[in-house]
Protein chains: 2
Amino acid sequence: MEKLSIIKIGGNIIEDEASLNAFLKLFSNLEGKKILVHGGGKRATHIASKLGIESKMVNGRRITDAETLEVITMVYGGLVNKNVVAKLQAMGTDAIGLTGADINSIQSDKRPVKEIDFGFVGDVKKVANNSIDKLIKADFTPVFCAITHDGKGQLLNTNADTITSTIAVGMSELYDTSIYYCFELNGVLQDFDDKDSVIKHIDSKTYQQLLKDEVISDGMIPKLDNCFDALHNGVQKVHIGNTSMLTKENELFTTITL
Amino acid sequence: MEKLSIIKIGGNIIEDEASLNAFLKLFSNLEGKKILVHGGGKRATHIASKLGIESKMVNGRRITDAETLEVITMVYGGLVNKNVVAKLQAMGTDAIGLTGADINSIQSDKRPVKEIDFGFVGDVKKVANNSIDKLIKADFTPVFCAITHDGKGQLLNTNADTITSTIAVGMSELYDTSIYYCFELNGVLQDFDDKDSVIKHIDSKTYQQLLKDEVISDGMIPKLDNCFDALHNGVQKVHIGNTSMLTKENELFTTITL
């Protein structure tokens, strides 16, 4: 099977013009078929507050009411996504910006109200891998923002890490698919205070040992669980590190396999 | 050649939820290959003013400074475009939302500064008809907002009527292409005070006569000149009327041919 790389960048890269341009250069130069997924960062919070919309948090998690969803649709789907696409075009990458509503690529269910009503938040249900593949086969490079839809006309705010892993699982039926989660650290660290103490390779067995030895920090556990979920569902490899892992020069990042 | 319809709707339809839903139903039911182009309406002005950005007009025309371009990118490219796409998906139309930056579909030149500096406004240079056709051939329905790019990373605010006619001219190399300009009137009127006095057919010859007889109002002349430009460059037919011209029941609209 042909290779496909799915790269996810977070808010920290999006927010800084110089970091974003540097990353997009690396992404543009990356060989082979590829998909970009981006989060939104603090820009949405800034614009919401300028518009007089209060950001409501419950237990540290954002509640997406109708007004907040409008801001997210404007900022992630419009401002960030279309500027990323224009920048990639300038670098010779034939990008196409998408939400999950476009070509019905990612359908979600609105999260059911239990103790907390998260509002217009979606849990991914279905990825239209064959439709996404039509774009890839046409030599376009999909750029997804963190918005999906319910198929009944409602857009939904959706976690960008989850979008990344579910697209990857869907595409793994058609491609030898790898995920690259770019974040501020060099990888999964052995010692949180030593930024170079990167654990270069984690598999199911060593992961259990790392958990037992309490090496992995609390915040990293759901991220890694999510990676193993993707691997168990067809994804070949997951890489975690900073954006320079996309170059051949840097070998300091974490590779996760089954 | 296969038929392709390019339908343009303006701000008045976008702004009213009920009108928009009714139009999208008509658009969704329209048979054959089709493309939608939408303007933005007053929503961008409202959001700009909420954000404390003043709308600058010179001789009745909007100046697009950097802040205004951000708002336009958020509102046209994000809020309006993605909600239209989600609504069309709910109606069974496999829509894909685009700016001119996506798949490099519409490249523009930033308007040169002469007496007036219009700011980040683009004059269309090139339509990538073959790239747009890849989407159509894949059974996707393109939905364009009124934003293009310069190919060097800069998004540009662009007139939606012009986008419509230049896409139509580009696509006319591949399809038997018709334009439908939807607006608030029933068509081009013989008597501006009688909304039913629609001139059903205009061609080059009758147009000259109408101009000579001063039947056509000042505001309509550039619109019609633009239509004849499109017809001279390969477009088969242009229709002007309200949205119900997309149904077979209504025959009260203006058809323009060479």
# chains A, B, ... in the order shown; residues from 1 in each chain; ligands from 1
call {"tool": "interface_residues", "arguments": {"of": "chain A", "to": "chain B", "cutoff": "6 Å", "atoms": "only C-alpha atoms", "output": "compact mmCIF listing (two decimals) with all heavy atoms, in the first residue's frame"}}
result
# COMPACT_ATOMS: atom_id res chain seq x y z
N LYS A 50 -13.51 39.75 22.44
CA LYS A 50 -13.73 41.03 21.74
C LYS A 50 -15.20 41.20 21.36
O LYS A 50 -15.72 42.31 21.33
CB LYS A 50 -12.90 41.10 20.46
CG LYS A 50 -11.50 41.68 20.64
CD LYS A 50 -10.96 42.06 19.26
CE LYS A 50 -9.54 42.57 19.31
NZ LYS A 50 -9.05 42.80 17.93
N LEU A 51 -15.85 40.09 21.02
CA LEU A 51 -17.26 40.15 20.62
C LEU A 51 -18.19 40.13 21.83
O LEU A 51 -19.41 40.09 21.70
CB LEU A 51 -17.60 38.99 19.68
CG LEU A 51 -17.01 39.05 18.26
CD1 LEU A 51 -17.21 37.73 17.54
CD2 LEU A 51 -17.65 40.18 17.46
N THR A 73 -16.40 28.57 14.15
CA THR A 73 -16.58 28.38 12.71
C THR A 73 -15.88 29.50 11.94
O THR A 73 -15.24 29.25 10.91
CB THR A 73 -18.08 28.35 12.36
OG1 THR A 73 -18.72 27.38 13.20
CG2 THR A 73 -18.32 27.99 10.91
N MET A 74 -15.97 30.74 12.46
CA MET A 74 -15.29 31.86 11.81
C MET A 74 -13.78 31.73 11.88
O MET A 74 -13.08 31.92 10.89
CB MET A 74 -15.72 33.18 12.47
CG MET A 74 -17.17 33.54 12.25
SD MET A 74 -17.51 35.30 12.57
CE MET A 74 -17.28 35.38 14.33
N VAL A 75 -13.28 31.40 13.09
CA VAL A 75 -11.83 31.45 13.31
C VAL A 75 -11.14 30.21 12.76
O VAL A 75 -10.19 30.30 11.99
CB VAL A 75 -11.50 31.66 14.81
CG1 VAL A 75 -10.00 31.64 15.03
CG2 VAL A 75 -12.09 32.99 15.28
N GLY A 77 -12.55 27.60 10.84
CA GLY A 77 -12.96 27.26 9.48
C GLY A 77 -12.64 28.33 8.46
O GLY A 77 -12.42 28.04 7.29
N GLY A 78 -12.64 29.61 8.91
CA GLY A 78 -12.36 30.72 7.99
C GLY A 78 -10.95 31.22 8.14
O GLY A 78 -10.05 30.88 7.37
N LEU A 79 -10.72 32.02 9.16
CA LEU A 79 -9.46 32.75 9.32
C LEU A 79 -8.22 31.84 9.29
O LEU A 79 -7.32 32.03 8.46
CB LEU A 79 -9.50 33.54 10.63
CG LEU A 79 -8.44 34.61 10.82
CD1 LEU A 79 -8.50 35.64 9.72
CD2 LEU A 79 -8.60 35.28 12.18
N ALA A 86 -3.84 29.34 1.76
CA ALA A 86 -3.21 30.33 0.87
C ALA A 86 -1.68 30.27 1.00
O ALA A 86 -0.96 30.35 0.00
CB ALA A 86 -3.72 31.73 1.19
N LYS A 87 -1.20 30.08 2.23
CA LYS A 87 0.25 29.98 2.45
C LYS A 87 0.81 28.72 1.77
O LYS A 87 1.87 28.75 1.14
CB LYS A 87 0.58 29.93 3.95
CG LYS A 87 0.52 31.30 4.65
CD LYS A 87 0.64 31.10 6.17
CE LYS A 87 0.37 32.37 6.96
NZ LYS A 87 1.48 33.32 6.96
N ALA A 90 1.14 29.11 -1.90
CA ALA A 90 2.31 29.93 -2.24
C ALA A 90 3.59 29.09 -2.22
O ALA A 90 4.57 29.42 -2.87
CB ALA A 90 2.42 31.11 -1.28
N ASP A 94 -0.81 22.00 -3.34
CA ASP A 94 -2.17 22.25 -3.84
C ASP A 94 -3.20 21.90 -2.76
O ASP A 94 -3.92 20.90 -2.85
CB ASP A 94 -2.40 21.48 -5.13
CG ASP A 94 -3.50 22.12 -5.99
OD1 ASP A 94 -4.10 23.11 -5.52
OD2 ASP A 94 -3.74 21.64 -7.11
N ALA A 95 -3.26 22.75 -1.74
CA ALA A 95 -4.06 22.50 -0.55
C ALA A 95 -5.54 22.77 -0.77
O ALA A 95 -5.91 23.59 -1.62
CB ALA A 95 -3.56 23.36 0.60
N ILE A 96 -6.37 22.08 0.01
CA ILE A 96 -7.82 22.32 0.02
C ILE A 96 -8.28 22.27 1.47
O ILE A 96 -8.04 21.29 2.18
CB ILE A 96 -8.57 21.31 -0.88
CG1 ILE A 96 -10.06 21.61 -0.90
CG2 ILE A 96 -8.31 19.86 -0.49
CD1 ILE A 96 -10.79 20.97 -2.07
N ALA A 101 -17.95 18.88 7.43
CA ALA A 101 -19.17 19.01 6.61
C ALA A 101 -18.83 18.91 5.12
O ALA A 101 -19.62 18.35 4.35
CB ALA A 101 -19.87 20.33 6.91
N ASP A 102 -17.68 19.45 4.73
CA ASP A 102 -17.29 19.42 3.32
C ASP A 102 -17.11 17.97 2.87
O ASP A 102 -16.45 17.20 3.55
CB ASP A 102 -16.01 20.22 3.12
CG ASP A 102 -16.18 21.68 3.52
OD1 ASP A 102 -16.79 22.42 2.74
OD2 ASP A 102 -15.75 22.06 4.63
N ILE A 103 -17.70 17.66 1.71
CA ILE A 103 -17.77 16.30 1.15
C ILE A 103 -18.19 15.28 2.23
O ILE A 103 -17.83 14.12 2.14
CB ILE A 103 -16.47 15.85 0.43
CG1 ILE A 103 -15.28 15.76 1.40
CG2 ILE A 103 -16.13 16.81 -0.73
CD1 ILE A 103 -14.05 15.05 0.80
N GLY A 151 -24.67 15.85 9.96
CA GLY A 151 -25.41 15.35 8.80
C GLY A 151 -26.83 15.89 8.72
O GLY A 151 -27.55 15.63 7.75
N LYS A 152 -27.22 16.66 9.74
CA LYS A 152 -28.57 17.24 9.74
C LYS A 152 -28.50 18.76 9.68
O LYS A 152 -29.44 19.46 10.05
CB LYS A 152 -29.34 16.77 10.99
CG LYS A 152 -29.72 15.29 10.92
CD LYS A 152 -30.28 14.79 12.24
CE LYS A 152 -29.25 13.96 13.00
NZ LYS A 152 -29.61 13.69 14.40
N GLY A 153 -27.34 19.28 9.28
CA GLY A 153 -27.21 20.71 9.10
C GLY A 153 -26.50 21.44 10.23
O GLY A 153 -26.31 22.65 10.19
call {"tool": "residues_around", "arguments": {"residues": "range 204-220 of chain A", "least_positions_apart": "6", "cutoff": "10 Å", "atoms": "only C-alpha atoms", "output": "ChimeraX atom specification"}}
result
/A:188-192,226,228,231,256-258
call {"tool": "residues_around", "arguments": {"residues": "Val235 in chain B", "least_positions_apart": "2", "cutoff": "12 Å", "atoms": "only C-alpha atoms", "output": "PyMOL selection string"}}
result
chain B and resi 3-6+164-180+226-233+237-239+256-258
call {"tool": "atom_distance", "arguments": {"atom1": "CA of Ile116 in chain B", "atom2": "CA of Asn59 in chain B"}}
result
9.5 Å
call {"tool": "atom_distance", "arguments": {"atom1": "CA of Glu115 in chain A", "atom2": "CA of Asn157 in chain A"}}
result
18.9 Å
call {"tool": "atom_distance", "arguments": {"atom1": "CA of Ala22 in chain B", "atom2": "CA of Lys126 in chain A"}}
result
28.3 Å
call {"tool": "residues_around", "arguments": {"residues": "range 241-248 of chain A", "least_positions_apart": "4", "cutoff": "8 Å", "atoms": "only C-alpha atoms", "output": "PyMOL selection string"}}
result
chain A and resi 23+26-27+30+180-188+252-254
call {"tool": "write_last_selection", "arguments": {"atoms": "N, CA, C and O atoms", "output": "PDB file, in the first residue's frame"}}
result
ATOM      1  N   PHE A  23       6.760  25.823  10.002  1.00  0.00           N
ATOM      2  CA  PHE A  23       6.139  24.498   9.947  1.00  0.00           C
ATOM      3  C   PHE A  23       5.593  24.212   8.547  1.00  0.00           C
ATOM      4  O   PHE A  23       5.790  23.119   8.003  1.00  0.00           O
ATOM      5  N   LEU A  26       8.140  22.993   6.190  1.00  0.00           N
ATOM      6  CA  LEU A  26       8.469  21.583   6.429  1.00  0.00           C
ATOM      7  C   LEU A  26       7.373  20.681   5.867  1.00  0.00           C
ATOM      8  O   LEU A  26       7.647  19.682   5.188  1.00  0.00           O
ATOM      9  N   PHE A  27       6.121  21.044   6.138  1.00  0.00           N
ATOM     10  CA  PHE A  27       4.987  20.232   5.677  1.00  0.00           C
ATOM     11  C   PHE A  27       4.965  20.185   4.152  1.00  0.00           C
ATOM     12  O   PHE A  27       4.765  19.128   3.552  1.00  0.00           O
ATOM     13  N   LEU A  30       7.508  17.873   2.724  1.00  0.00           N
ATOM     14  CA  LEU A  30       7.351  16.460   3.079  1.00  0.00           C
ATOM     15  C   LEU A  30       6.915  15.655   1.850  1.00  0.00           C
ATOM     16  O   LEU A  30       5.945  16.022   1.180  1.00  0.00           O
ATOM     17  N   TYR A 180       1.613  11.961  12.718  1.00  0.00           N
ATOM     18  CA  TYR A 180       2.637  12.790  13.365  1.00  0.00           C
ATOM     19  C   TYR A 180       1.930  13.828  14.226  1.00  0.00           C
ATOM     20  O   TYR A 180       1.319  14.746  13.697  1.00  0.00           O
ATOM     21  N   TYR A 181       1.985  13.644  15.552  1.00  0.00           N
ATOM     22  CA  TYR A 181       1.442  14.659  16.458  1.00  0.00           C
ATOM     23  C   TYR A 181       2.558  15.645  16.813  1.00  0.00           C
ATOM     24  O   TYR A 181       3.487  15.295  17.541  1.00  0.00           O
ATOM     25  N   CYS A 182       2.461  16.855  16.285  1.00  0.00           N
ATOM     26  CA  CYS A 182       3.475  17.868  16.603  1.00  0.00           C
ATOM     27  C   CYS A 182       3.045  18.633  17.842  1.00  0.00           C
ATOM     28  O   CYS A 182       1.917  19.117  17.912  1.00  0.00           O
ATOM     29  N   PHE A 183       3.928  18.740  18.805  1.00  0.00           N
ATOM     30  CA  PHE A 183       3.642  19.589  19.975  1.00  0.00           C
ATOM     31  C   PHE A 183       4.914  20.263  20.457  1.00  0.00           C
ATOM     32  O   PHE A 183       5.938  20.223  19.759  1.00  0.00           O
ATOM     33  N   GLU A 184       4.878  20.920  21.625  1.00  0.00           N
ATOM     34  CA  GLU A 184       6.002  21.764  22.004  1.00  0.00           C
ATOM     35  C   GLU A 184       7.213  20.965  22.513  1.00  0.00           C
ATOM     36  O   GLU A 184       8.334  21.445  22.475  1.00  0.00           O
ATOM     37  N   LEU A 185       6.998  19.724  22.956  1.00  0.00           N
ATOM     38  CA  LEU A 185       8.099  18.913  23.485  1.00  0.00           C
ATOM     39  C   LEU A 185       8.762  18.102  22.362  1.00  0.00           C
ATOM     40  O   LEU A 185       8.248  18.004  21.255  1.00  0.00           O
ATOM     41  N   ASN A 186       9.933  17.524  22.704  1.00  0.00           N
ATOM     42  CA  ASN A 186      10.665  16.730  21.705  1.00  0.00           C
ATOM     43  C   ASN A 186      10.113  15.321  21.551  1.00  0.00           C
ATOM     44  O   ASN A 186      10.542  14.576  20.675  1.00  0.00           O
ATOM     45  N   GLY A 187       9.208  14.949  22.436  1.00  0.00           N
ATOM     46  CA  GLY A 187       8.633  13.606  22.378  1.00  0.00           C
ATOM     47  C   GLY A 187       8.110  13.237  23.752  1.00  0.00           C
ATOM     48  O   GLY A 187       7.935  14.108  24.609  1.00  0.00           O
ATOM     49  N   VAL A 188       7.847  11.954  23.948  1.00  0.00           N
ATOM     50  CA  VAL A 188       7.460  11.478  25.278  1.00  0.00           C
ATOM     51  C   VAL A 188       8.746  11.389  26.099  1.00  0.00           C
ATOM     52  O   VAL A 188       9.720  10.771  25.663  1.00  0.00           O
ATOM     53  N   LEU A 252      15.278  12.907  17.088  1.00  0.00           N
ATOM     54  CA  LEU A 252      14.848  12.942  18.480  1.00  0.00           C
ATOM     55  C   LEU A 252      13.338  13.143  18.579  1.00  0.00           C
ATOM     56  O   LEU A 252      12.852  14.267  18.676  1.00  0.00           O
ATOM     57  N   PHE A 253      12.601  12.031  18.510  1.00  0.00           N
ATOM     58  CA  PHE A 253      11.154  12.072  18.711  1.00  0.00           C
ATOM     59  C   PHE A 253      10.719  10.664  19.105  1.00  0.00           C
ATOM     60  O   PHE A 253      11.531   9.736  19.082  1.00  0.00           O
ATOM     61  N   THR A 254       9.461  10.524  19.476  1.00  0.00           N
ATOM     62  CA  THR A 254       8.969   9.220  19.926  1.00  0.00           C
ATOM     63  C   THR A 254       8.179   8.540  18.810  1.00  0.00           C
ATOM     64  O   THR A 254       7.295   9.169  18.214  1.00  0.00           O
TER      65      THR A 254
END
call {"tool": "residues_around", "arguments": {"residues": "Asp16 in chain A", "least_positions_apart": "4", "cutoff": "12 Å", "atoms": "only C-alpha atoms", "output": "PyMOL selection string"}}
result
chain A and resi 10-12+20-23+40-43+80
call {"tool": "write_last_selection", "arguments": {"atoms": "C-alpha atoms", "output": "mmCIF file, in the first residue's frame"}}
result
data_model
loop_
_atom_site.group_PDB
_atom_site.id
_atom_site.type_symbol
_atom_site.label_atom_id
_atom_site.label_comp_id
_atom_site.auth_asym_id
_atom_site.auth_seq_id
_atom_site.Cartn_x
_atom_site.Cartn_y
_atom_site.Cartn_z
ATOM 1 C CA GLY A 10 -1.812 22.577 17.763
ATOM 2 C CA GLY A 11 -2.564 26.106 18.811
ATOM 3 C CA ASN A 12 0.991 27.044 19.770
ATOM 4 C CA LEU A 20 3.484 28.624 11.404
ATOM 5 C CA ASN A 21 5.450 29.644 8.308
ATOM 6 C CA ALA A 22 8.410 27.475 9.340
ATOM 7 C CA PHE A 23 6.139 24.498 9.947
ATOM 8 C CA GLY A 40 -7.421 26.709 16.603
ATOM 9 C CA GLY A 41 -5.505 28.005 19.534
ATOM 10 C CA LYS A 42 -6.307 31.009 21.645
ATOM 11 C CA ARG A 43 -7.361 33.144 18.684
ATOM 12 C CA VAL A 80 -6.977 30.012 10.258
#
call {"tool": "closest_residue", "arguments": {"among": "B:Ile163, B:Val198, B:Ala18, B:Ala66", "to": "Gln107 in chain B", "atoms": "only C-alpha atoms"}}
result
B:Ile163
call {"tool": "select_by_dssp", "arguments": {"residues": "range 13-223 of chain A", "states": "strand (DSSP E or B)", "output": "ChimeraX atom specification"}}
result
/A:33-38,56-58,61-64,95-98,106-110,119,121-127,141-145,147-149,155-157,176-182,189,198,201-202
call {"tool": "closest_residue", "arguments": {"among": "A:Glu17, A:Asp117, A:Met1, A:Met57", "to": "Lys33 in chain A", "atoms": "only C-alpha atoms"}}
result
A:Met1
